[in-house]
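Chemist: Encoded as structure tokens, here's the structure I'll be asking about.
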Amino acid sequence: MSARAAPSRRRQAGRRLRYLSTGSFPFLLLLLLLCIQLGGGQKKKENLLAEKVEQLMEWSSRRSIFRMNGDKFRKFVKAPPRNYSMIVMFTALQPQRQCSVCRQANEEYQILANSWRYSSAFCNKLFFGMVDYDEGTDVFQQLNMNSAPTFMHFPSKGRPKRADTFDLQRIGFAAEQLAKWIADRTDVHIRVFRPPNYSGTIALALLVSLVGGLLYLRRNNLEFIYNKTGWAMVSLCIVFAMTSGQMWNHIRGPPYAHKNPHNGQVSYIHGSSQAQFVAESHIILVLNAAITMGMVLLNEAATSKGDVGKRRTF
């Protein structure tokens, strides 16, 4: 009986095999087509990414910062795929905008980008771009941006976070400060190389020459060196410069003032207690000098024994 049942089992197994082969063929075909489509899509993304990086490298070989309009910004900064970081300066450099801060920030930005372009660590993982308000108004509207200049970092993955916007009002726009911020956001360290500036050396040499010439001409009468009033004026100038924040300006490099590119309103006083404009320090210097002069005049009026009218004026 077992011998007669064996051919029957073989026939049933053969029918099952034929049924499985026929029924699973469409599924295997669909799976094969899906794999081909996925592979083709991945290859297309890789080709698109390679084209974008090649284009960016070509632009970087010509100039360290490339200007972008709305279409280029959306293609190279916003649209995937992207395996590189972008530092973008949003500015308003046209003369009719009268944005002096934008021009000053652009000079520092150029120094930073040139330092990266000519460094030995230069690679295709970081690029520098610029969007001018008159060339990319739609970009400003898309980002709800109403002030310039503004520096933003667009990471290779994900959306920009709050820390990806450079705090220009508090830190200033010196190239060294920008490089430190970029290192925090991208782990790319840029050593800033500034072009040689001999203006300070020339000014110091002229000052030394002037003082030396004056001492030589007055070599027979050097009593003015012991003039208390002269040394008091020099000391007051140093005190005014230090108390008004000139040293902070030198270290941080803040803008002279801030002009809103939309309504043209100029702000000379910073809205935060953590920062200041250069114009603000000048205002403080003038106020301190006026108060000091007032105190000196009051003292002169109280101690002098001259004309009553003159004392009353003081």
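How things are named: the first chain in the structure tokens is A, the next is B, and so on; residues count from 1 in each chain; ligands count from 1 in the order shown.
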I'd like the neighbourhood of range 240-257 of chain A as number ranges by chain, where a residue qualifies if any of its atoms comes within 6 Å (using only C-alpha atoms), though same-chain residues fewer than 6 positions away should be ignored.

Modeler: A: 101, 172, 174, 267-268, 277-279, 281, 284-285

Chemist: Take the residues from that selection and put them in a file with N, CA, C and O atoms, as a CSV table (one decimal), in the first residue's frame.

Modeler:
```csv
chain,number,residue,atom,x,y,z
A,101,VAL,N,27.1,98.9,7.3
A,101,VAL,CA,27.4,97.7,8.1
A,101,VAL,C,27.5,96.5,7.1
A,101,VAL,O,28.4,95.7,7.4
A,172,GLY,N,29.4,90.5,17.1
A,172,GLY,CA,30.1,91.3,16.1
A,172,GLY,C,30.4,90.4,14.9
A,172,GLY,O,30.1,89.2,14.9
A,174,ALA,N,33.5,90.1,13.2
A,174,ALA,CA,34.9,89.9,12.9
A,174,ALA,C,35.1,88.5,12.3
A,174,ALA,O,34.4,87.5,12.7
A,267,SER,N,19.4,102.7,13.6
A,267,SER,CA,19.5,102.6,15.0
A,267,SER,C,20.9,102.8,15.5
A,267,SER,O,21.8,102.1,15.0
A,268,TYR,N,21.1,103.7,16.4
A,268,TYR,CA,22.4,104.0,16.9
A,268,TYR,C,22.6,103.4,18.3
A,268,TYR,O,23.8,103.3,18.7
A,277,PHE,N,26.7,99.4,19.5
A,277,PHE,CA,27.2,99.9,18.3
A,277,PHE,C,28.3,100.8,18.5
A,277,PHE,O,28.5,101.4,19.6
A,278,VAL,N,29.2,101.1,17.5
A,278,VAL,CA,30.3,102.0,17.6
A,278,VAL,C,29.7,103.4,17.9
A,278,VAL,O,30.3,104.2,18.7
A,279,ALA,N,28.6,103.8,17.2
A,279,ALA,CA,28.0,105.1,17.4
A,279,ALA,C,27.6,105.3,18.9
A,279,ALA,O,27.7,106.4,19.4
A,281,SER,N,29.1,104.0,21.5
A,281,SER,CA,30.3,104.4,22.3
A,281,SER,C,30.7,105.8,22.1
A,281,SER,O,31.2,106.5,23.1
A,284,ILE,N,28.4,108.0,24.3
A,284,ILE,CA,28.8,107.9,25.7
A,284,ILE,C,30.1,108.7,25.9
A,284,ILE,O,30.2,109.4,27.0
A,285,LEU,N,31.0,108.6,25.0
A,285,LEU,CA,32.3,109.4,25.1
A,285,LEU,C,32.0,110.9,25.2
A,285,LEU,O,32.5,111.6,26.1
```

Chemist: Give the answer as one residue: which of A:Phe73, A:Ile269, A:Ala232, A:Ser199 has the shortest atom-to-atom distance to Thr292 in chain A, using only C-alpha atoms?

Modeler: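 Closest to Thr292 in chain A of all the choices is A:Ala232.
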
Chemist: What gap, in Å, lies between CA of Ala113 in chain A and CA of Phe128 in chain A?

Modeler: 6.6 Å

Chemist: Taking only C-alpha atoms into account, which of A:Ala205, A:Val239, A:Val131, A:Leu178 comes nearest Met68 in chain A?

Modeler: A:Val131

Chemist: Please provide the set of residues having any atom within 9 Å of Phe66 in chain A, restricted to only C-alpha atoms, with same-chain residues fewer than 3 positions apart removed, written as a list in words.

Modeler: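 Here the answer would be Leu56, Trp59, Ser60, Arg62, Arg63, Phe127, Phe128, Gly129, Met130 and Val131 of chain A.
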
Chemist: Pull N, CA, C and O atoms from the residues just selected and write them as a tab-separated table (two decimals), in the first residue's frame.

Modeler:
```
chain	number	residue	atom	x	y	z
A	56	LEU	N	29.65	73.48	-7.44
A	56	LEU	CA	30.10	74.31	-6.33
A	56	LEU	C	31.62	74.40	-6.28
A	56	LEU	O	32.18	75.48	-6.00
A	59	TRP	N	32.73	76.85	-8.97
A	59	TRP	CA	32.52	78.24	-8.55
A	59	TRP	C	33.55	78.64	-7.50
A	59	TRP	O	34.05	79.77	-7.52
A	60	SER	N	33.85	77.74	-6.57
A	60	SER	CA	34.81	78.06	-5.51
A	60	SER	C	36.21	78.26	-6.07
A	60	SER	O	37.01	79.01	-5.49
A	62	ARG	N	36.85	79.78	-8.77
A	62	ARG	CA	36.88	81.11	-9.36
A	62	ARG	C	36.87	82.20	-8.29
A	62	ARG	O	37.62	83.17	-8.39
A	63	ARG	N	36.00	82.05	-7.30
A	63	ARG	CA	35.92	83.02	-6.21
A	63	ARG	C	35.47	82.30	-4.95
A	63	ARG	O	34.74	81.31	-5.01
A	127	PHE	N	30.97	75.31	1.96
A	127	PHE	CA	30.99	76.33	0.92
A	127	PHE	C	30.41	77.62	1.48
A	127	PHE	O	29.63	77.62	2.43
A	128	PHE	N	30.81	78.73	0.86
A	128	PHE	CA	30.37	80.05	1.28
A	128	PHE	C	29.56	80.69	0.15
A	128	PHE	O	30.02	80.74	-0.99
A	129	GLY	N	28.37	81.18	0.50
A	129	GLY	CA	27.51	81.83	-0.47
A	129	GLY	C	27.00	83.15	0.04
A	129	GLY	O	27.18	83.51	1.21
A	130	MET	N	26.33	83.89	-0.84
A	130	MET	CA	25.79	85.20	-0.50
A	130	MET	C	24.50	85.42	-1.26
A	130	MET	O	24.39	85.07	-2.44
A	131	VAL	N	23.51	85.99	-0.56
A	131	VAL	CA	22.24	86.37	-1.18
A	131	VAL	C	22.03	87.85	-0.90
A	131	VAL	O	21.91	88.26	0.26
```

Chemist: Name the closest residue to Pro160 in chain A among the candidates A:Arg194, A:Arg185, A:Lys180, A:Lys52; distances are taken between atoms, counting only C-alpha atoms.

Modeler: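 Distance minimum relative to Pro160 in chain A lands on A:Arg185.
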
Chemist: Counting only C-alpha atoms, figure out which residue out of A:Ile65, A:Ala79, A:Ala121, A:Ala148 gets nearest to Tyr109 in chain A.

Modeler: A:Ile65

Chemist: Can you pull out every residue within 9 Å of Arg103 in chain A, counting only C-alpha atoms, but drop anything in the same chain fewer than 6 positions away, and send it as a PDB file with N, CA, C and O atoms, in the first residue's frame?

Modeler:
```pdb
ATOM      1  N   THR A  91      22.530  89.886   2.758  1.00  0.00           N
ATOM      2  CA  THR A  91      23.016  91.245   2.859  1.00  0.00           C
ATOM      3  C   THR A  91      22.283  92.161   1.897  1.00  0.00           C
ATOM      4  O   THR A  91      21.393  91.721   1.152  1.00  0.00           O
ATOM      5  N   ALA A  92      22.664  93.433   1.901  1.00  0.00           N
ATOM      6  CA  ALA A  92      22.109  94.447   0.997  1.00  0.00           C
ATOM      7  C   ALA A  92      23.238  95.401   0.633  1.00  0.00           C
ATOM      8  O   ALA A  92      23.457  96.398   1.317  1.00  0.00           O
ATOM      9  N   LEU A  93      23.960  95.077  -0.433  1.00  0.00           N
ATOM     10  CA  LEU A  93      25.162  95.807  -0.795  1.00  0.00           C
ATOM     11  C   LEU A  93      24.942  96.878  -1.848  1.00  0.00           C
ATOM     12  O   LEU A  93      25.882  97.607  -2.178  1.00  0.00           O
TER      13      LEU A  93
END
```

Chemist: At what distance in Å, to one decimal, does CA of Gln94 in chain A lie from CA of Phe76 in chain A?

Modeler: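 CA of Gln94 in chain A lies at a distance of 23.8 Å from CA of Phe76 in chain A.
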
Chemist: List every residue of range 92-159 of chain A that DSSP, applied to the backbone, labels as helix (DSSP H, G or I), and write the result as a list in words.

Modeler: Pro95, Gln96, Arg97, Ser100, Val101, Cys102, Arg103, Gln104, Ala105, Asn106, Glu107, Glu108, Tyr109, Gln110, Ile111, Leu112, Ala113, Asn114, Ser115, Trp116, Arg117, Thr137, Asp138, Val139, Phe140, Gln141 and Gln142 of chain A
